[in-house]
Amino acid sequence: MTPKDDSVTAAPDRELLPTATPARTREAVRELLRPHRALAVSGFGLMVIATSVGLLTQPLLGRIVDLVTERRSPDTLTTPVVALALVAVVQGVTTAFGMSLVSRLGETVLARLRELFVERALLLPLDRLEKAGSGDLNSRVTRDVSRVADAVRTALPELARSTLSIVLTLGALALLDWRFLLAALVAVPVQAHTARWYIRNAVPLYAKERILTGAQQQQLLDSIGGAATVRAHRLQAAHTRRVTERSRAAVDLTMRGVGLVLRFYSRLHIAEYAGLAAVLGTGFLLVRSGSASLGTATAAALYFHSLFGPVNTALVLLDDAQSATAGLARLIGVVDEPPAEEAATGGATADKILSGDKVMSGEVPSDTVTLAGVSHAYLPGRPVLHEVDLTVRPKERVALVGTSGAGKTTLAKLVAGLHRPTAGRVDVGGTRPDEYGRTVALVTQEVHVFAGPLADDLRLARPDASDGELVEALSAVGALGWAEALPEGLATVVGDGGHQLTPDRAQQLALARLLLADPPVVVLDEATAEAGSSGARQLEQAAEQALKGRTAIVVAHRLSQAASADRVVVLRGGRIVENGTHDELLAAEGSYAALWRAWSDHRTDPPAPTR
């Protein structure tokens, strides 16, 4: 199924992440298994031994039947009974070891797949994720991973054991008498037809179910995440209707799947009846003609009856297998997606993303930022930047000013390399954003605090940083006081499940990471906006320390940041309308002067320090 098909099914404005083809899915599984061939051979080898030993049960029971019908001495039963006990012990031990090895193989491969998925998901281009929507990726991370994990832990070992039982039991029937094997094969056409029918209907059904589940989660995320806006515009009924429609569509597909499974079971029962009747009839004829003993016929009937479990298990596990295969194809589709830098340059890249601060890697000749004829559109025909030309000199601080929707954040993301411009060129010292290196760092107002010790969170920016360097970074941004006051100091667990940091402290943490990463070029996208007026002054002082000696582009949420900058660039409608120092633009009595007067009349925080 192609991404285009996905987007049409889920929602007309979504371009979902791709789903791997069946051929690519099989190839990926082989690639994952290749490093663990020894483990696979050992596990399946033990399963073969366990199954082979277990097949001695039916002939031993048949021998007991013959001894009884021939009215032999009770003492003659001792040998087959003891042999049955030994078979049970040996089969149990070898099955336990074999299943444990097969389970270890599955868990090892699953762990590697998870690592690859997370690694690639973190490197996907931001605009690609925005087009797909968070619901699509979220459903893959949760539902699809869960389905694959369940299949690996339950379906894979059982399917392996069932397949071996089927093959070896049919071989044992042939050894008793080839006519018993032919009789047993009467059930195969019905079972094969049932399996083909099920797979033909189940594969597209489960794939479509995954897509609709992702669309349902996306709608829930949109409605809940924007609950305040929904209430403000009285859109509750419309959003409830959309959630209901997508939920109903997902439920309808689930019920279709239930009906499919019920019909699947009913056809299997027909095959069982036909096969057992054929084996019993063959046994009757062979015993009557003297070609087989009653014990042999009994063993054949028991062999076929013992196939009920493995055959039904194998075919029933097709349900789990198809569900897991659909999820696996969606995971591999993400794993195969080129990361942001590779998509742009055609080559593999290193990291990556530092917490809430995105940091690229590589070397550039200088820290001059140049934008030449840059235009950008998130949707075709709807540009948000128009032919922007801008040069930021080394160690110069430039403030981007403008009303909401002017294009400030888009320009900042282009400089940080998170998006590629639709037209024009963005570079740092002549190097494209895709090839930057640890040259450009972006700190936004949406900072993530990772779960774990505060020191580990800081070391995301520089893993080899000493405790002294962590203290120095925190002190520089004014965060050392509250950090040392935490219950366990820098060892205190923060983030989910730990000590919760306020928005202004989270921003200080991001700025401390910035100091540790020490990039020559920094982009601050309203990084002090979350603090509120009470904490804005402290955060601006922290930002001032973090930006010292660096080339900086600051998306100014407060015009005090613009006043302290070397240069102010005013954007309106995606175009630069003014460019100069704070004093020059005030004297020009243009857009910036009007914004400054409006802001000055209502500000409550003290003026920013001059540089």
# chains A, B, ... in the order shown; residues from 1 in each chain; ligands from 1
>>> closest_atom_pairs(of="region 12-70 of chain A", to="region 80-101 of chain A", cutoff="12 Å", atoms="only C-alpha atoms", output="CSV")
residue,atom,partner,partner_atom,distance
A:His36,CA,A:Leu101,CA,11.0
A:Arg37,CA,A:Leu101,CA,11.7
A:Ala38,CA,A:Leu101,CA,10.4
A:Leu39,CA,A:Leu101,CA,6.8
A:Ala40,CA,A:Leu101,CA,7.6
A:Val41,CA,A:Leu101,CA,9.5
A:Ser42,CA,A:Leu101,CA,7.3
A:Gly43,CA,A:Gly98,CA,4.7
A:Phe44,CA,A:Gly98,CA,6.5
A:Gly45,CA,A:Gly98,CA,7.5
A:Leu46,CA,A:Gly98,CA,4.8
A:Met47,CA,A:Gly98,CA,5.1
A:Val48,CA,A:Gly98,CA,8.7
A:Ile49,CA,A:Thr94,CA,7.1
A:Ala50,CA,A:Gln91,CA,4.7
A:Thr51,CA,A:Gln91,CA,7.1
A:Ser52,CA,A:Gln91,CA,8.5
A:Val53,CA,A:Gln91,CA,6.0
A:Gly54,CA,A:Gln91,CA,5.8
A:Leu55,CA,A:Val87,CA,8.9
A:Leu56,CA,A:Val87,CA,7.2
A:Thr57,CA,A:Leu84,CA,6.2
A:Gln58,CA,A:Leu84,CA,9.4
A:Pro59,CA,A:Pro80,CA,9.4
A:Leu60,CA,A:Pro80,CA,5.7
A:Leu61,CA,A:Pro80,CA,7.6
A:Gly62,CA,A:Pro80,CA,9.6
A:Arg63,CA,A:Pro80,CA,7.3
A:Ile64,CA,A:Pro80,CA,6.8
A:Val65,CA,A:Pro80,CA,10.6
A:Asp66,CA,A:Pro80,CA,11.4
A:Leu67,CA,A:Pro80,CA,10.0
>>> select_by_dssp(residues="region 15-95 of chain A", states="alpha helix (DSSP H)", output="VMD selection string")
chain A and resid 22 to 33 37 to 54 57 to 69 78 to 95
>>> write_last_selection(atoms="C-alpha atoms", output="CSV table (one decimal), in the first residue's frame")
chain,number,residue,atom,x,y,z
A,22,PRO,CA,5.4,-7.5,1.4
A,23,ALA,CA,8.6,-8.2,-0.4
A,24,ARG,CA,10.5,-5.5,1.5
A,25,THR,CA,9.0,-6.6,4.8
A,26,ARG,CA,10.3,-10.2,4.2
A,27,GLU,CA,13.7,-8.8,3.2
A,28,ALA,CA,13.9,-6.7,6.3
A,29,VAL,CA,13.0,-9.7,8.5
A,30,ARG,CA,15.9,-11.7,6.9
A,31,GLU,CA,18.2,-8.8,7.5
A,32,LEU,CA,17.2,-8.7,11.2
A,33,LEU,CA,17.6,-12.5,11.6
A,37,ARG,CA,21.6,-17.6,12.6
A,38,ALA,CA,23.3,-19.7,15.3
A,39,LEU,CA,20.6,-18.9,17.8
A,40,ALA,CA,17.9,-19.7,15.2
A,41,VAL,CA,19.5,-23.0,14.3
A,42,SER,CA,19.8,-24.1,17.9
A,43,GLY,CA,16.3,-23.1,18.8
A,44,PHE,CA,14.6,-24.8,15.8
A,45,GLY,CA,16.9,-27.8,16.1
A,46,LEU,CA,15.7,-28.5,19.6
A,47,MET,CA,12.1,-28.0,18.5
A,48,VAL,CA,12.7,-30.6,15.8
A,49,ILE,CA,14.1,-33.1,18.4
A,50,ALA,CA,11.2,-32.4,20.8
A,51,THR,CA,8.6,-32.9,18.1
A,52,SER,CA,10.2,-36.1,16.8
A,53,VAL,CA,10.3,-37.6,20.3
A,54,GLY,CA,6.7,-36.6,20.9
A,57,THR,CA,3.5,-41.4,21.7
A,58,GLN,CA,1.0,-42.7,19.1
A,59,PRO,CA,2.8,-45.9,18.1
A,60,LEU,CA,3.3,-46.7,21.8
A,61,LEU,CA,-0.4,-46.3,22.4
A,62,GLY,CA,-1.1,-48.4,19.4
A,63,ARG,CA,1.3,-51.1,20.7
A,64,ILE,CA,-0.7,-51.1,24.0
A,65,VAL,CA,-3.9,-51.6,22.0
A,66,ASP,CA,-2.4,-54.5,20.1
A,67,LEU,CA,-1.2,-56.1,23.4
A,68,VAL,CA,-4.7,-55.8,24.9
A,69,THR,CA,-6.5,-57.1,21.9
A,78,THR,CA,5.3,-52.3,31.4
A,79,THR,CA,7.7,-51.5,28.5
A,80,PRO,CA,5.4,-49.2,26.4
A,81,VAL,CA,4.1,-47.5,29.6
A,82,VAL,CA,7.6,-46.7,30.8
A,83,ALA,CA,8.6,-45.6,27.3
A,84,LEU,CA,5.6,-43.2,27.3
A,85,ALA,CA,6.8,-41.7,30.5
A,86,LEU,CA,10.3,-41.2,29.1
A,87,VAL,CA,8.9,-39.7,25.9
A,88,ALA,CA,6.9,-37.2,28.0
A,89,VAL,CA,10.0,-36.2,30.0
A,90,VAL,CA,12.4,-35.8,27.1
A,91,GLN,CA,9.8,-34.0,25.0
A,92,GLY,CA,9.0,-31.6,27.9
A,93,VAL,CA,12.7,-30.7,28.5
A,94,THR,CA,13.6,-30.2,24.9
A,95,THR,CA,10.5,-28.3,24.2
>>> residues_around(residues="Pro421 (chain A)", least_positions_apart="5", cutoff="7 Å", atoms="only C-alpha atoms", output="PyMOL selection string")
chain A and resi 374-376+414
>>> closest_residue(among="A:Ala483, A:Ala121, A:Ala563, A:Leu280", to="Ala506 (chain A)", atoms="only C-alpha atoms")
A:Ala483
>>> atom_distance(atom1="CA of Ser293 (chain A)", atom2="CA of Asp177 (chain A)")
11.1 Å
>>> residues_around(residues="Ser591 (chain A)", least_positions_apart="5", cutoff="10 Å", atoms="only C-alpha atoms", output="list in words")
Val401, Gly402, Val570, Leu571, Arg572, Val577, Glu578, Leu585, Leu586 and Trp596 of chain A
>>> residues_around(residues="Ile332 (chain A)", least_positions_apart="2", cutoff="10 Å", atoms="only C-alpha atoms", output="ChimeraX atom specification")
/A:18-21,24-25,28-29,113,116-117,327-330,334-337
>>> residues_around(residues="Ala479 (chain A)", least_positions_apart="6", cutoff="8 Å", atoms="only C-alpha atoms", output="MDAnalysis selection string")
chainID A and resid 505 508:509
>>> write_last_selection(atoms="C-alpha atoms", output="mmCIF file, in the first residue's frame")
data_model
loop_
_atom_site.group_PDB
_atom_site.id
_atom_site.type_symbol
_atom_site.label_atom_id
_atom_site.label_comp_id
_atom_site.auth_asym_id
_atom_site.auth_seq_id
_atom_site.Cartn_x
_atom_site.Cartn_y
_atom_site.Cartn_z
ATOM 1 C CA ARG A 505 13.027 26.446 34.704
ATOM 2 C CA GLN A 508 16.783 27.660 31.766
ATOM 3 C CA LEU A 509 17.631 23.980 31.403
#
>>> closest_residue(among="A:Asp601, A:Glu469, A:Ala510, A:Leu400", to="His582 (chain A)", atoms="only C-alpha atoms")
A:Leu400
>>> residues_around(residues="Leu486 (chain A)", least_positions_apart="6", cutoff="10 Å", atoms="only C-alpha atoms", output="PDB file with all heavy atoms, in the first residue's frame")
ATOM      1  N   LEU A 454      18.621  15.050  36.548  1.00  0.00           N
ATOM      2  CA  LEU A 454      18.846  16.356  35.920  1.00  0.00           C
ATOM      3  C   LEU A 454      20.215  16.408  35.251  1.00  0.00           C
ATOM      4  O   LEU A 454      20.363  16.979  34.154  1.00  0.00           O
ATOM      5  CB  LEU A 454      18.721  17.455  36.980  1.00  0.00           C
ATOM      6  CG  LEU A 454      18.958  18.895  36.510  1.00  0.00           C
ATOM      7  CD1 LEU A 454      17.944  19.288  35.452  1.00  0.00           C
ATOM      8  CD2 LEU A 454      18.901  19.862  37.687  1.00  0.00           C
ATOM      9  N   THR A 492      18.556  14.534  41.096  1.00  0.00           N
ATOM     10  CA  THR A 492      17.102  14.456  41.200  1.00  0.00           C
ATOM     11  C   THR A 492      16.496  14.057  39.859  1.00  0.00           C
ATOM     12  O   THR A 492      16.851  14.604  38.810  1.00  0.00           O
ATOM     13  CB  THR A 492      16.525  15.813  41.635  1.00  0.00           C
ATOM     14  OG1 THR A 492      17.092  16.179  42.891  1.00  0.00           O
ATOM     15  CG2 THR A 492      15.003  15.734  41.764  1.00  0.00           C
ATOM     16  N   VAL A 493      15.576  13.116  39.880  1.00  0.00           N
ATOM     17  CA  VAL A 493      14.884  12.693  38.663  1.00  0.00           C
ATOM     18  C   VAL A 493      13.849  13.745  38.291  1.00  0.00           C
ATOM     19  O   VAL A 493      13.011  14.129  39.112  1.00  0.00           O
ATOM     20  CB  VAL A 493      14.201  11.322  38.862  1.00  0.00           C
ATOM     21  CG1 VAL A 493      13.364  10.958  37.641  1.00  0.00           C
ATOM     22  CG2 VAL A 493      15.247  10.246  39.124  1.00  0.00           C
ATOM     23  N   VAL A 494      13.922  14.223  37.059  1.00  0.00           N
ATOM     24  CA  VAL A 494      12.980  15.226  36.564  1.00  0.00           C
ATOM     25  C   VAL A 494      12.195  14.626  35.405  1.00  0.00           C
ATOM     26  O   VAL A 494      12.458  13.521  34.960  1.00  0.00           O
ATOM     27  CB  VAL A 494      13.715  16.501  36.121  1.00  0.00           C
ATOM     28  CG1 VAL A 494      14.396  17.175  37.306  1.00  0.00           C
ATOM     29  CG2 VAL A 494      14.753  16.172  35.038  1.00  0.00           C
ATOM     30  N   HIS A 499      10.405  14.919  39.418  1.00  0.00           N
ATOM     31  CA  HIS A 499      10.135  16.306  39.810  1.00  0.00           C
ATOM     32  C   HIS A 499       9.781  17.118  38.562  1.00  0.00           C
ATOM     33  O   HIS A 499      10.511  17.127  37.579  1.00  0.00           O
ATOM     34  CB  HIS A 499      11.377  16.902  40.485  1.00  0.00           C
ATOM     35  CG  HIS A 499      11.172  18.278  41.030  1.00  0.00           C
ATOM     36  ND1 HIS A 499      10.692  18.505  42.305  1.00  0.00           N
ATOM     37  CD2 HIS A 499      11.359  19.499  40.472  1.00  0.00           C
ATOM     38  CE1 HIS A 499      10.606  19.811  42.510  1.00  0.00           C
ATOM     39  NE2 HIS A 499      11.008  20.431  41.412  1.00  0.00           N
TER      40      HIS A 499
END
>>> closest_residue(among="A:Gly309, A:Ala491, A:Arg112, A:Val167", to="His269 (chain A)", atoms="only C-alpha atoms")
A:Gly309
>>> closest_residue(among="A:Leu474, A:Leu315, A:Leu302, A:Ala324", to="Arg196 (chain A)", atoms="only C-alpha atoms")
A:Leu315
